[in-house]
Amino acid sequence: MSLRLQARKLACERDDRWLFHDLDLDLCAGEIVRVEGPNGSGKTTLLKILSGQLADYRGELFWRGAPMRRVRRDFLANLLYLGHAPGVKAALTALENLAWYQALAGASGDEDDRLAALETVGLAGFEDLPTGQLSAGQQRRVALARLELMPRPLWVLDEPFTAIDREGVAALEARLEAHTRRGGCVLVTTHHALRASSALRSVRLGEGGAGVER
Amino acid sequence: MSSAESGPARRDGPLPLAGEPEGGAMVAIRATLKRDLVLMLRRRSEVLNPLVFFALVITLFPIGISPDPELLATIAPGLLWVAALLAALLSLDGLFRSDYEDGSLEQLLLSPQPLAALALAKVAVHWLLTGLPLALMAPVLGIMLSLPAGSYGVLAVSLALGSASLSLIGAIGAALTVGLSRGGVLISLLVLPLYIPVLIFGAGAVQAAILGAGVSAHLAILGALLAVALIFAPWAIAASLRISING
Amino acid sequence: MWAFIHKLGSPKWFYGISARLSPWCWGVAVALILVGGVWGLAFAPADYQQGHSFRIIYVHVPAAFLAQSIFVAMAAAGFIFMVWKIKLADMAATVMAPLGAGMTFVALFSGAVWGVPTWGTWWQWDARLTSMLILFFLYIGVIALRGAFTSRDSASRAASVLAMVGVINIPIIKYSVEWWYTLHQPATFSVTSRPAMPTEMWAPLLIMVLGFYSFFIAVTLMRTRSEILRREASKRWVRELLGEGG
């Protein structure tokens with residue numbers, strides 16, 4: 001019954017071009033899987049498929065052994081996805097943003113938890129400002145606070161290090177490792193060089209990798 | 001991120017896998033309603049702009065046609081309805097756009113809650129802050145167009161009822177075009193033909209009230225249209241959002 | 001059953017079978033339209049009220065029928081594409097939209113021409129003409145939406161959803177426009193609600209309608225075939241086919 005996301009013979013065709021095909025992938029508890037590849041090799045598309053956003057693929061996805069289509073809600077309840085855009089509303093305060101995310105997960109949430117999460121990402125004192133007044137890096141941090149706030153085992157992070165300063169990067173890297181130690185799993189794309197660790201594994205897209213043609 | 005271990009004991013010990021969320025849908029819907037209301041009220045111009053547009057368009061007609069009260073009175077029901085319809089349409093483009101741009105739309109799609117219900121919550125807020133104010137404002141503009149007495153109440157009620165359908169149908173168009181950079185004109189092209197039945201029965205209700213005929217049939221049909229829209233539109237909106245997010 | 005549907009959904013298989021069907025459809029279409037056209041235009045009796053001008057019915061009515069049917073067919077194809085992900089259905093829907101818009105235009109234009117001797121004006125807000133005009137706008141919307149997306153997959157899905165939404169609305173629009181018309185212009189002469197037509201008049205009309213439908217099927221087959229070649233240009237079977245051809 002542990003965390004396990006599998007892809008079998010995954011292929012994605014975008015307007016007559018194969019981004020990748022025959023891709024087999026296993027994500028298990030305690031792993032950081034980094035998707036690598038040049039620009040336009042389909043990293044974001046792969047992450048979107050694996051996070052259940054794109055239905056436009058061939059092959060099979062399994063969540064804990066069951067076909068994804070049947071267990072989609074259970075999968076989503078265990079997934080935390082951060083995309084290119086931080087998903088933070090500029091007119092709302094950091095606290096309000098987090099409260100909405102908690103509610104989307106179906107929990108009313110607790111103000112103390114949200115404050116603690118914001119403090120962890122270094123935003124203490126900025127809780128009640130509209131996030132539109134924060135810097136790009138700080139807005140990212142609001143989004144990253146969701147990692148602290150919501151106990152979801154599977155993280156799918158698309159370029160999470162964008163706009164973050166050096167200390168923030170180190171802290172986030174430590175956070176990812178801590179997550180895997182607790183049995184979580186991280187799927188990540190980044191141009192940033194991740195610290196080598198036993199948990200880290202790479203999947204390469206694009207020429208010579210898991211799936212190429214033309 | 002090493003400090004603040006004071007928080008709940010989330011940070012150590014194995015992570016539990018969450019089961020199917022139960023009863024969370026209502027929490028999520030209520031939170032989405034509240035969030036959109038707060039957002040709209042913080043940017044008041046988005047609430048006011050359609051109303052000002054409505055008033056402006058109504059001002060154009062006497063200037064463009066004639067200030068003759070008799071002539072205006074005959075065309076007033078249709079004018080008020082068409083202008084309100086356009087005002088509601090104009091505000092629809094922004095319904096999902098800001099969410100799309102800042103990435104919260106993809107997060108909405110990834111929540112383990114029924115997307116159709118969440119989309120319905122967003123549409124409800126749109127109606128509450130656009131359709132309903134337009135309906136309340138229409139009688140005032142009716143006075144300016146010498147709308148015959150006795151039809152003011154029907155005007156407001158028919159607009160309130162009809163604009164709910166307009167919001168629902170229009171949201172389909174907004175969802176279909178949200179990923180397109182030049183969606184603004186396209187949305188009118190998609191949505192206006194679908195608005196025609198609502199316009200016919202809405203303006204018809206006001207006309208019937210002026211003629212002294214019964215209006216309950218018109219209002220009942222408007223209600224029926226709303227019921228049909230309520231049944232089908234949320235699914236169409238959800239499907240369209242999923243398409244648009246694929247880019 | 002399932003195997004058959006999937007076979008039907010294979011562009012390659014369809015390309016082969018449609019090559020054999022297509023000439024037959026064209027033959028039937030041309031024959032029916034010729035017979036119906038000559039019979040209707042030359043031999044059918046003139047209308048006692050409208051004289052010879054009523055003969056435009058032999059173009060107007062089949063075009064109007066087809067305009068509505070094509071929208072339903074397009075929505076059905078969209079539904080098949082969305083549910084079973086059969087790309088062939090979407091290719092068919094793609095080529096149907098301009099054809100349907102064209103038929104709607106023919107119906108509108110012939111209605112307007114017919115309006116001159118009947119009403120003494122090119123345009124009257126007649127219930128049928130108004131519904132036809134709205135249908136025309138619906139077609140334009142579907143075509144415009146498909147053209148607006150850069151990704152073809154998204155375009156196909158979006159157009160399918162819009163076609164399905166439109167098809168639910170068509171009867172609603174039709175009935176509300178008819179209701180609106182009777183309210184505003186009661187008891188004027190309506191183009192197609194007439195006393196029962198004698199057989200010599202409606203028999204050629206029926207033939208014309210059937211001929212138009214065959215024409216629609218033939219054109220759809222032909223254009224779907226070229227759409228297949230366009231979309232599958234990178235597939236091996238198409239390259240082999242084109243290689244053999246020249």
# chains A, B, ... in the order shown; residues from 1 in each chain; ligands from 1

call {"tool": "interface_residues", "arguments": {"of": "chain B", "to": "chain C", "cutoff": "10 Å", "atoms": "only C-alpha atoms", "output": "PyMOL selection string"}}
result
chain B and resi 169+172-173+175-177+179-183+186-201+204+221+225+228-229+232-233+236-237+239-247

call {"tool": "write_last_selection", "arguments": {"atoms": "N, CA and C atoms", "output": "CSV table (one decimal), in the first residue's frame"}}
result
chain,number,residue,atom,x,y,z
B,169,ILE,N,-23.8,30.1,-19.5
B,169,ILE,CA,-23.5,29.8,-20.9
B,169,ILE,C,-22.2,30.5,-21.2
B,172,ILE,N,-18.9,28.9,-20.4
B,172,ILE,CA,-18.4,27.9,-21.3
B,172,ILE,C,-17.5,28.6,-22.3
B,173,GLY,N,-17.9,29.7,-22.9
B,173,GLY,CA,-17.1,30.4,-23.8
B,173,GLY,C,-15.8,30.9,-23.2
B,175,ALA,N,-14.3,29.6,-20.7
B,175,ALA,CA,-13.4,28.5,-20.4
B,175,ALA,C,-12.7,28.0,-21.7
B,176,LEU,N,-13.5,28.1,-22.8
B,176,LEU,CA,-12.9,27.6,-24.0
B,176,LEU,C,-11.8,28.5,-24.5
B,177,THR,N,-11.9,29.8,-24.2
B,177,THR,CA,-11.0,30.8,-24.8
B,177,THR,C,-9.9,31.3,-23.8
B,179,GLY,N,-7.3,30.1,-22.7
B,179,GLY,CA,-5.9,29.9,-23.0
B,179,GLY,C,-5.4,30.7,-24.2
B,180,LEU,N,-6.3,31.4,-24.9
B,180,LEU,CA,-6.0,32.1,-26.1
B,180,LEU,C,-5.7,33.5,-25.8
B,181,SER,N,-4.7,34.0,-26.4
B,181,SER,CA,-4.3,35.4,-26.1
B,181,SER,C,-5.3,36.4,-26.6
B,182,ARG,N,-5.9,36.1,-27.8
B,182,ARG,CA,-6.9,37.0,-28.3
B,182,ARG,C,-8.3,36.4,-28.2
B,183,GLY,N,-8.6,36.1,-26.9
B,183,GLY,CA,-9.9,35.4,-26.7
B,183,GLY,C,-11.1,36.4,-26.7
B,186,LEU,N,-13.4,36.6,-29.7
B,186,LEU,CA,-13.9,35.2,-30.0
B,186,LEU,C,-15.0,34.8,-29.1
B,187,ILE,N,-14.9,35.2,-27.8
B,187,ILE,CA,-15.8,34.7,-26.8
B,187,ILE,C,-17.2,35.2,-27.2
B,188,SER,N,-17.3,36.5,-27.7
B,188,SER,CA,-18.6,37.0,-28.1
B,188,SER,C,-19.2,36.2,-29.3
B,189,LEU,N,-18.3,35.8,-30.2
B,189,LEU,CA,-18.7,35.1,-31.4
B,189,LEU,C,-19.3,33.7,-31.0
B,190,LEU,N,-18.7,33.1,-29.9
B,190,LEU,CA,-19.1,31.8,-29.5
B,190,LEU,C,-20.4,31.9,-28.7
B,191,VAL,N,-20.5,32.9,-27.9
B,191,VAL,CA,-21.5,32.9,-26.9
B,191,VAL,C,-22.8,33.6,-27.3
B,192,LEU,N,-22.7,34.7,-28.1
B,192,LEU,CA,-23.9,35.5,-28.4
B,192,LEU,C,-25.0,34.7,-29.1
B,193,PRO,N,-24.7,33.8,-30.1
B,193,PRO,CA,-25.8,33.0,-30.6
B,193,PRO,C,-26.5,32.2,-29.6
B,194,LEU,N,-25.8,31.7,-28.6
B,194,LEU,CA,-26.4,30.9,-27.6
B,194,LEU,C,-27.2,31.7,-26.6
B,195,TYR,N,-27.0,33.0,-26.6
B,195,TYR,CA,-27.8,33.9,-25.7
B,195,TYR,C,-29.2,34.2,-26.2
B,196,ILE,N,-29.4,33.9,-27.5
B,196,ILE,CA,-30.6,34.4,-28.1
B,196,ILE,C,-31.9,34.0,-27.4
B,197,PRO,N,-32.0,32.7,-27.1
B,197,PRO,CA,-33.3,32.3,-26.4
B,197,PRO,C,-33.5,33.1,-25.1
B,198,VAL,N,-32.5,33.3,-24.4
B,198,VAL,CA,-32.6,34.0,-23.1
B,198,VAL,C,-33.1,35.5,-23.4
B,199,LEU,N,-32.5,36.0,-24.4
B,199,LEU,CA,-32.9,37.4,-24.8
B,199,LEU,C,-34.4,37.5,-25.2
B,200,ILE,N,-34.8,36.5,-26.0
B,200,ILE,CA,-36.2,36.5,-26.5
B,200,ILE,C,-37.2,36.4,-25.4
B,201,PHE,N,-36.9,35.5,-24.4
B,201,PHE,CA,-37.9,35.4,-23.4
B,201,PHE,C,-37.7,36.5,-22.3
B,204,GLY,N,-39.2,39.5,-23.9
B,204,GLY,CA,-40.6,39.2,-24.1
B,204,GLY,C,-41.4,39.4,-22.8
B,221,ILE,N,-40.4,30.1,-18.4
B,221,ILE,CA,-39.5,29.6,-19.5
B,221,ILE,C,-38.0,30.0,-19.2
B,225,LEU,N,-35.0,27.6,-18.8
B,225,LEU,CA,-33.7,27.7,-19.5
B,225,LEU,C,-32.5,27.7,-18.4
B,228,VAL,N,-31.9,24.1,-17.4
B,228,VAL,CA,-31.2,23.4,-18.4
B,228,VAL,C,-29.7,23.8,-18.3
B,229,ALA,N,-29.5,25.1,-18.2
B,229,ALA,CA,-28.1,25.6,-18.2
B,229,ALA,C,-27.4,25.1,-16.9
B,232,PHE,N,-26.4,21.4,-17.6
B,232,PHE,CA,-25.3,21.0,-18.6
B,232,PHE,C,-24.1,21.9,-18.5
B,233,ALA,N,-24.3,23.2,-18.2
B,233,ALA,CA,-23.1,24.1,-18.3
B,233,ALA,C,-21.9,23.7,-17.4
B,236,ALA,N,-19.8,21.2,-19.1
B,236,ALA,CA,-19.1,21.8,-20.3
B,236,ALA,C,-18.0,22.7,-19.9
B,237,ILE,N,-18.2,23.5,-18.8
B,237,ILE,CA,-17.2,24.4,-18.3
B,237,ILE,C,-16.0,23.6,-17.9
B,239,ALA,N,-15.1,20.6,-18.7
B,239,ALA,CA,-14.4,19.9,-19.8
B,239,ALA,C,-13.6,21.0,-20.6
B,240,SER,N,-14.2,22.2,-20.8
B,240,SER,CA,-13.5,23.2,-21.5
B,240,SER,C,-12.2,23.7,-20.8
B,241,LEU,N,-12.3,23.8,-19.4
B,241,LEU,CA,-11.1,24.2,-18.7
B,241,LEU,C,-10.0,23.2,-18.8
B,242,ARG,N,-10.4,21.9,-18.8
B,242,ARG,CA,-9.3,20.9,-19.0
B,242,ARG,C,-8.7,21.0,-20.3
B,243,ILE,N,-9.5,21.4,-21.3
B,243,ILE,CA,-8.9,21.5,-22.7
B,243,ILE,C,-7.9,22.7,-22.7
B,244,SER,N,-8.4,23.8,-22.1
B,244,SER,CA,-7.6,25.1,-22.2
B,244,SER,C,-6.3,24.9,-21.4
B,245,ILE,N,-6.3,24.2,-20.3
B,245,ILE,CA,-5.1,24.1,-19.5
B,245,ILE,C,-4.1,23.3,-20.3
B,246,ASN,N,-4.5,22.5,-21.2
B,246,ASN,CA,-3.6,21.7,-22.0
B,246,ASN,C,-2.8,22.6,-23.0
B,247,GLY,N,-3.3,23.8,-23.3
B,247,GLY,CA,-2.6,24.7,-24.1
B,247,GLY,C,-2.6,24.3,-25.6

call {"tool": "select_by_dssp", "arguments": {"residues": "stretch 91-223 of chain B", "states": "helix (DSSP H, G or I)", "output": "PyMOL selection string"}}
result
chain B and resi 91-92+94-102+104-109+115-144+152-177+183-211+216-223

call {"tool": "write_last_selection", "arguments": {"atoms": "C-alpha atoms", "output": "CSV table (one decimal), in the first residue's frame"}}
result
chain,number,residue,atom,x,y,z
B,91,SER,CA,-17.0,41.0,-17.9
B,92,LEU,CA,-17.0,37.3,-18.7
B,94,GLY,CA,-11.9,37.8,-17.1
B,95,LEU,CA,-13.8,35.0,-15.3
B,96,PHE,CA,-11.0,32.5,-15.6
B,97,ARG,CA,-8.3,34.6,-17.2
B,98,SER,CA,-6.5,35.9,-14.1
B,99,ASP,CA,-6.6,32.4,-12.6
B,100,TYR,CA,-5.1,31.0,-15.7
B,101,GLU,CA,-2.3,33.5,-15.8
B,102,ASP,CA,-1.2,33.2,-12.2
B,104,SER,CA,-4.2,29.0,-9.8
B,105,LEU,CA,-6.4,27.5,-12.5
B,106,GLU,CA,-4.2,24.5,-12.9
B,107,GLN,CA,-4.2,24.1,-9.1
B,108,LEU,CA,-8.0,24.2,-9.2
B,109,LEU,CA,-8.0,21.4,-11.7
B,115,LEU,CA,-14.2,20.5,-10.9
B,116,ALA,CA,-17.8,21.2,-12.2
B,117,ALA,CA,-18.9,22.2,-8.7
B,118,LEU,CA,-15.9,24.5,-8.2
B,119,ALA,CA,-16.5,26.1,-11.6
B,120,LEU,CA,-20.1,26.6,-10.6
B,121,ALA,CA,-19.0,28.4,-7.5
B,122,LYS,CA,-17.0,30.8,-9.6
B,123,VAL,CA,-19.9,31.4,-12.0
B,124,ALA,CA,-22.2,32.0,-9.0
B,125,VAL,CA,-19.8,34.8,-7.8
B,126,HIS,CA,-19.8,36.3,-11.3
B,127,TRP,CA,-23.6,36.4,-11.4
B,128,LEU,CA,-23.8,37.8,-7.9
B,129,LEU,CA,-21.5,40.7,-8.7
B,130,THR,CA,-22.4,41.3,-12.3
B,131,GLY,CA,-25.8,39.9,-13.3
B,132,LEU,CA,-27.6,40.8,-10.1
B,133,PRO,CA,-26.3,44.4,-9.9
B,134,LEU,CA,-27.2,44.9,-13.6
B,135,ALA,CA,-30.7,43.6,-12.8
B,136,LEU,CA,-31.0,46.0,-9.9
B,137,MET,CA,-29.7,48.9,-11.9
B,138,ALA,CA,-31.9,48.3,-15.0
B,139,PRO,CA,-35.1,50.0,-13.6
B,140,VAL,CA,-33.2,53.2,-13.1
B,141,LEU,CA,-32.1,53.2,-16.7
B,142,GLY,CA,-35.7,52.2,-17.6
B,143,ILE,CA,-36.9,55.5,-16.2
B,144,MET,CA,-34.4,57.3,-18.6
B,152,TYR,CA,-40.1,47.8,-13.8
B,153,GLY,CA,-40.4,44.9,-11.4
B,154,VAL,CA,-40.6,42.4,-14.3
B,155,LEU,CA,-37.6,44.0,-15.9
B,156,ALA,CA,-35.5,43.4,-12.8
B,157,VAL,CA,-36.8,39.9,-12.1
B,158,SER,CA,-36.3,38.8,-15.7
B,159,LEU,CA,-32.8,40.2,-15.8
B,160,ALA,CA,-31.9,38.6,-12.5
B,161,LEU,CA,-33.2,35.2,-13.7
B,162,GLY,CA,-31.9,35.5,-17.2
B,163,SER,CA,-28.4,36.8,-16.4
B,164,ALA,CA,-27.8,33.6,-14.3
B,165,SER,CA,-28.3,31.6,-17.5
B,166,LEU,CA,-26.1,34.2,-19.4
B,167,SER,CA,-23.3,33.7,-16.8
B,168,LEU,CA,-23.5,29.9,-17.1
B,169,ILE,CA,-23.5,29.8,-20.9
B,170,GLY,CA,-20.9,32.6,-21.1
B,171,ALA,CA,-18.6,30.7,-18.7
B,172,ILE,CA,-18.4,27.9,-21.3
B,173,GLY,CA,-17.1,30.4,-23.8
B,174,ALA,CA,-14.8,31.9,-21.3
B,175,ALA,CA,-13.4,28.5,-20.4
B,176,LEU,CA,-12.9,27.6,-24.0
B,177,THR,CA,-11.0,30.8,-24.8
B,183,GLY,CA,-9.9,35.4,-26.7
B,184,GLY,CA,-11.9,38.7,-26.2
B,185,VAL,CA,-13.7,39.0,-29.5
B,186,LEU,CA,-13.9,35.2,-30.0
B,187,ILE,CA,-15.8,34.7,-26.8
B,188,SER,CA,-18.6,37.0,-28.1
B,189,LEU,CA,-18.7,35.1,-31.4
B,190,LEU,CA,-19.1,31.8,-29.5
B,191,VAL,CA,-21.5,32.9,-26.9
B,192,LEU,CA,-23.9,35.5,-28.4
B,193,PRO,CA,-25.8,33.0,-30.6
B,194,LEU,CA,-26.4,30.9,-27.6
B,195,TYR,CA,-27.8,33.9,-25.7
B,196,ILE,CA,-30.6,34.4,-28.1
B,197,PRO,CA,-33.3,32.3,-26.4
B,198,VAL,CA,-32.6,34.0,-23.1
B,199,LEU,CA,-32.9,37.4,-24.8
B,200,ILE,CA,-36.2,36.5,-26.5
B,201,PHE,CA,-37.9,35.4,-23.4
B,202,GLY,CA,-36.3,38.1,-21.2
B,203,ALA,CA,-37.3,41.0,-23.4
B,204,GLY,CA,-40.6,39.2,-24.1
B,205,ALA,CA,-41.4,39.2,-20.4
B,206,VAL,CA,-40.9,43.0,-20.1
B,207,GLN,CA,-43.0,43.5,-23.3
B,208,ALA,CA,-45.8,41.3,-22.0
B,209,ALA,CA,-45.8,43.3,-18.7
B,210,ILE,CA,-46.2,46.5,-20.7
B,211,LEU,CA,-49.0,45.1,-22.7
B,216,SER,CA,-45.6,34.1,-15.5
B,217,ALA,CA,-45.1,32.0,-18.7
B,218,HIS,CA,-42.1,34.0,-19.8
B,219,LEU,CA,-40.5,33.9,-16.4
B,220,ALA,CA,-41.3,30.2,-16.2
B,221,ILE,CA,-39.5,29.6,-19.5
B,222,LEU,CA,-36.5,31.7,-18.3
B,223,GLY,CA,-36.5,29.5,-15.2

call {"tool": "residues_around", "arguments": {"residues": "A:Ala107", "least_positions_apart": "4", "cutoff": "10 Å", "atoms": "only C-alpha atoms", "output": "ChimeraX atom specification"}}
result
/A:99-103,150 /B:21-28

call {"tool": "closest_atom_pairs", "arguments": {"of": "chain A", "to": "chain B", "cutoff": "8 Å", "atoms": "only C-alpha atoms", "output": "Markdown table"}}
result
| residue | atom | partner | partner_atom | distance |
| --- | --- | --- | --- | --- |
| A:Ser2 | CA | B:Leu17 | CA | 7.6 |
| A:Leu3 | CA | B:Leu17 | CA | 7.4 |
| A:Gly52 | CA | B:Leu110 | CA | 7.7 |
| A:Gln53 | CA | B:Leu110 | CA | 7.2 |
| A:Leu54 | CA | B:Asn246 | CA | 6.3 |
| A:Arg73 | CA | B:Pro112 | CA | 5.1 |
| A:Asp74 | CA | B:Glu20 | CA | 5.1 |
| A:Leu76 | CA | B:Pro112 | CA | 5.2 |
| A:Ala77 | CA | B:Pro112 | CA | 5.4 |
| A:Asn78 | CA | B:Ala18 | CA | 5.8 |
| A:Tyr81 | CA | B:Gln107 | CA | 7.6 |
| A:Gly83 | CA | B:Gly103 | CA | 7.3 |
| A:His84 | CA | B:Gly103 | CA | 7.6 |
| A:Ala85 | CA | B:Gly103 | CA | 4.8 |
| A:Pro86 | CA | B:Gly103 | CA | 6.0 |
| A:Gly87 | CA | B:Gly103 | CA | 4.0 |
| A:Val88 | CA | B:Asp102 | CA | 6.4 |
| A:Lys89 | CA | B:Asp102 | CA | 6.8 |
| A:Ala91 | CA | B:Leu39 | CA | 6.4 |
| A:Leu92 | CA | B:Leu39 | CA | 7.1 |
| A:Trp100 | CA | B:Ala31 | CA | 6.0 |
| A:Ala103 | CA | B:Ala28 | CA | 4.8 |
| A:Leu104 | CA | B:Ala28 | CA | 4.6 |
| A:Ala105 | CA | B:Ser111 | CA | 6.2 |
| A:Gly106 | CA | B:Gly24 | CA | 3.5 |
| A:Ala107 | CA | B:Gly24 | CA | 6.2 |
| A:Ser108 | CA | B:Val27 | CA | 6.5 |
| A:Asp113 | CA | B:Gly7 | CA | 6.8 |
| A:Ala116 | CA | B:Gly7 | CA | 6.0 |
| A:Ala117 | CA | B:Gly7 | CA | 8.0 |
| A:Glu119 | CA | B:Ala4 | CA | 7.2 |
| A:Thr120 | CA | B:Met1 | CA | 5.2 |
| A:Val121 | CA | B:Met1 | CA | 5.9 |
| A:Gly122 | CA | B:Met1 | CA | 7.5 |
| A:Pro151 | CA | B:Leu15 | CA | 7.0 |
| A:Arg152 | CA | B:Leu17 | CA | 7.3 |
| A:Pro153 | CA | B:Leu15 | CA | 6.2 |
| A:Gly168 | CA | B:Met1 | CA | 7.9 |
| A:Ala171 | CA | B:Met1 | CA | 5.1 |
| A:Leu172 | CA | B:Met1 | CA | 7.1 |
| A:Ala174 | CA | B:Met1 | CA | 7.9 |
| A:Arg175 | CA | B:Met1 | CA | 7.1 |
| A:Arg182 | CA | B:Pro14 | CA | 4.7 |
| A:Gly183 | CA | B:Pro14 | CA | 5.8 |
| A:Gly184 | CA | B:Leu15 | CA | 6.6 |

call {"tool": "closest_residue", "arguments": {"among": "C:Leu34, C:Met82, C:Val219, C:Cys25", "to": "chain A", "atoms": "only C-alpha atoms"}}
result
C:Met82

call {"tool": "closest_residue", "arguments": {"among": "A:Leu23, A:Arg58, A:Val35, A:Val169", "to": "chain C", "atoms": "only C-alpha atoms"}}
result
A:Arg58

call {"tool": "atom_distance", "arguments": {"atom1": "atom CA of B:Ser146", "atom2": "atom CA of B:Pro69"}}
result
5.8 Å

call {"tool": "closest_residue", "arguments": {"among": "A:Arg114, A:His192, A:Arg17, A:Arg72", "to": "chain C", "atoms": "only C-alpha atoms"}}
result
A:Arg17
